[in-house]
Each structure stands twice: as C-alpha cells, then as structure tokens.
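J.: Below are the structure tokens for one structure; questions will follow.
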Amino acid sequence: MRVKDPSALRRKRLNRKYSQRDLAYLVRRSQNTIYLLESGKMKTLSEDLALLLAARLEVEWEDYFELEENEIAPTVTNASQRKPDSSAA
C-alpha cells in the first residue's frame, strides 16, 4: 500500500492531537516511521500498518491509503458483523 497524500495524513494526526511519537506508540512503530510516511520518503507500507493508522486516526483506510497494482483490498470486520459461533454452548 502507499499513502495517497502524506500531508493529509499529517494534518489528520495533528487534528487528533497526536504527536508523531504518540501515534507511533499506538501503532507499535517508531517515530521515524511516522515521519517517513508523512514526509513521503517511505513509498510503501504494509496493509497491517495502514489499517492500524486508519483505526487510530478514526478514518476509512481508503481515504488515506491506496493499493498497489497487485494488492487485494483488505477486509475489515468488527465484532458486531460476525455471526455467532453455534458450536459454543
């Protein structure tokens, strides 16, 4: 995946009142990783990191990240969308 607009990612982080260090801690990465993403120096990132960033910034991942040509869109579900496990008694 890649960041659509690094400066938009930075603005959203600042809007949520997170420092680069705060956001890095929340997504279990280094502050340098956040810096590289926001400056456009890191060209690609993992699907996991994109989803973590989107969740912490409370945005849809599609708004800030785009798939590379050969990637398949991630499926995100929450607990309320899962069917109950009928085998549990």
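Labels used: A, B, ... for chains in the order of the structure tokens, numbers from 1 for residues in each chain, and numbers from 1 for ligands as shown.
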Which residues, written as a PyMOL selection string, have at least one atom at most 9 Å from Thr44 (chain A), with only C-alpha atoms counted and residues fewer than 3 positions away on the same chain left out?
T.: chain A and resi 1-3+37+68
J.: Could those residues be written to a file, using N, CA and C atoms, as a PDB file, in the first residue's frame?
T.:
```
ATOM      1  N   MET A   1       0.845  -1.167   0.000  1.00  0.00           N
ATOM      2  CA  MET A   1       0.000   0.000   0.000  1.00  0.00           C
ATOM      3  C   MET A   1       0.895   1.236   0.000  1.00  0.00           C
ATOM      4  N   ARG A   2       0.274   2.346  -0.343  1.00  0.00           N
ATOM      5  CA  ARG A   2       1.000   3.609  -0.287  1.00  0.00           C
ATOM      6  C   ARG A   2       0.086   4.699   0.253  1.00  0.00           C
ATOM      7  N   VAL A   3       0.685   5.736   0.819  1.00  0.00           N
ATOM      8  CA  VAL A   3      -0.065   6.875   1.353  1.00  0.00           C
ATOM      9  C   VAL A   3      -0.499   7.739   0.173  1.00  0.00           C
ATOM     10  N   LEU A  37       6.548   8.405   6.606  1.00  0.00           N
ATOM     11  CA  LEU A  37       5.255   8.334   5.919  1.00  0.00           C
ATOM     12  C   LEU A  37       4.712   9.738   5.633  1.00  0.00           C
ATOM     13  N   GLU A  68      -1.447  -0.986  -4.129  1.00  0.00           N
ATOM     14  CA  GLU A  68      -0.549  -1.119  -5.254  1.00  0.00           C
ATOM     15  C   GLU A  68      -1.277  -1.972  -6.299  1.00  0.00           C
TER      16      GLU A  68
END
```
J.: Counting only C-alpha atoms, which of A:Leu14, A:Leu23, A:Ala55, A:Leu67 gets nearest to Lys43 (chain A)?
T.: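 For Lys43 (chain A), the nearest of the candidates is A:Leu67.
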J.: Give me, as a ChimeraX atom specification, the residues of chain A that a backbone DSSP run labels alpha helix (DSSP H).
T.: /A:6-15,20-26,31-39,47-57,61-64
J.: Just checking: using only C-alpha atoms, which residue out of A:Arg56, A:Leu51, A:Gln31, A:Glu38 ends up closest to Lys17 (chain A)?
T.: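 Ranked by minimum distance to Lys17 (chain A), first place goes to A:Arg56.
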J.: For region 19-48 of chain A against region 5-12 of chain A, with a cut-off of 9 Å and counting only C-alpha atoms, what is the closest atom pair and its distance in Å to one decimal for every residue that makes the cut, ordered by chain and number, as a Markdown table?
T.:
```
| residue | atom | partner | partner_atom | distance |
| --- | --- | --- | --- | --- |
| A:Gln20 | CA | A:Arg10 | CA | 8.8 |
| A:Ile34 | CA | A:Arg10 | CA | 8.9 |
| A:Tyr35 | CA | A:Arg10 | CA | 8.9 |
| A:Leu37 | CA | A:Pro6 | CA | 6.3 |
| A:Glu38 | CA | A:Pro6 | CA | 4.5 |
| A:Ser39 | CA | A:Pro6 | CA | 6.1 |
| A:Gly40 | CA | A:Pro6 | CA | 5.6 |
```
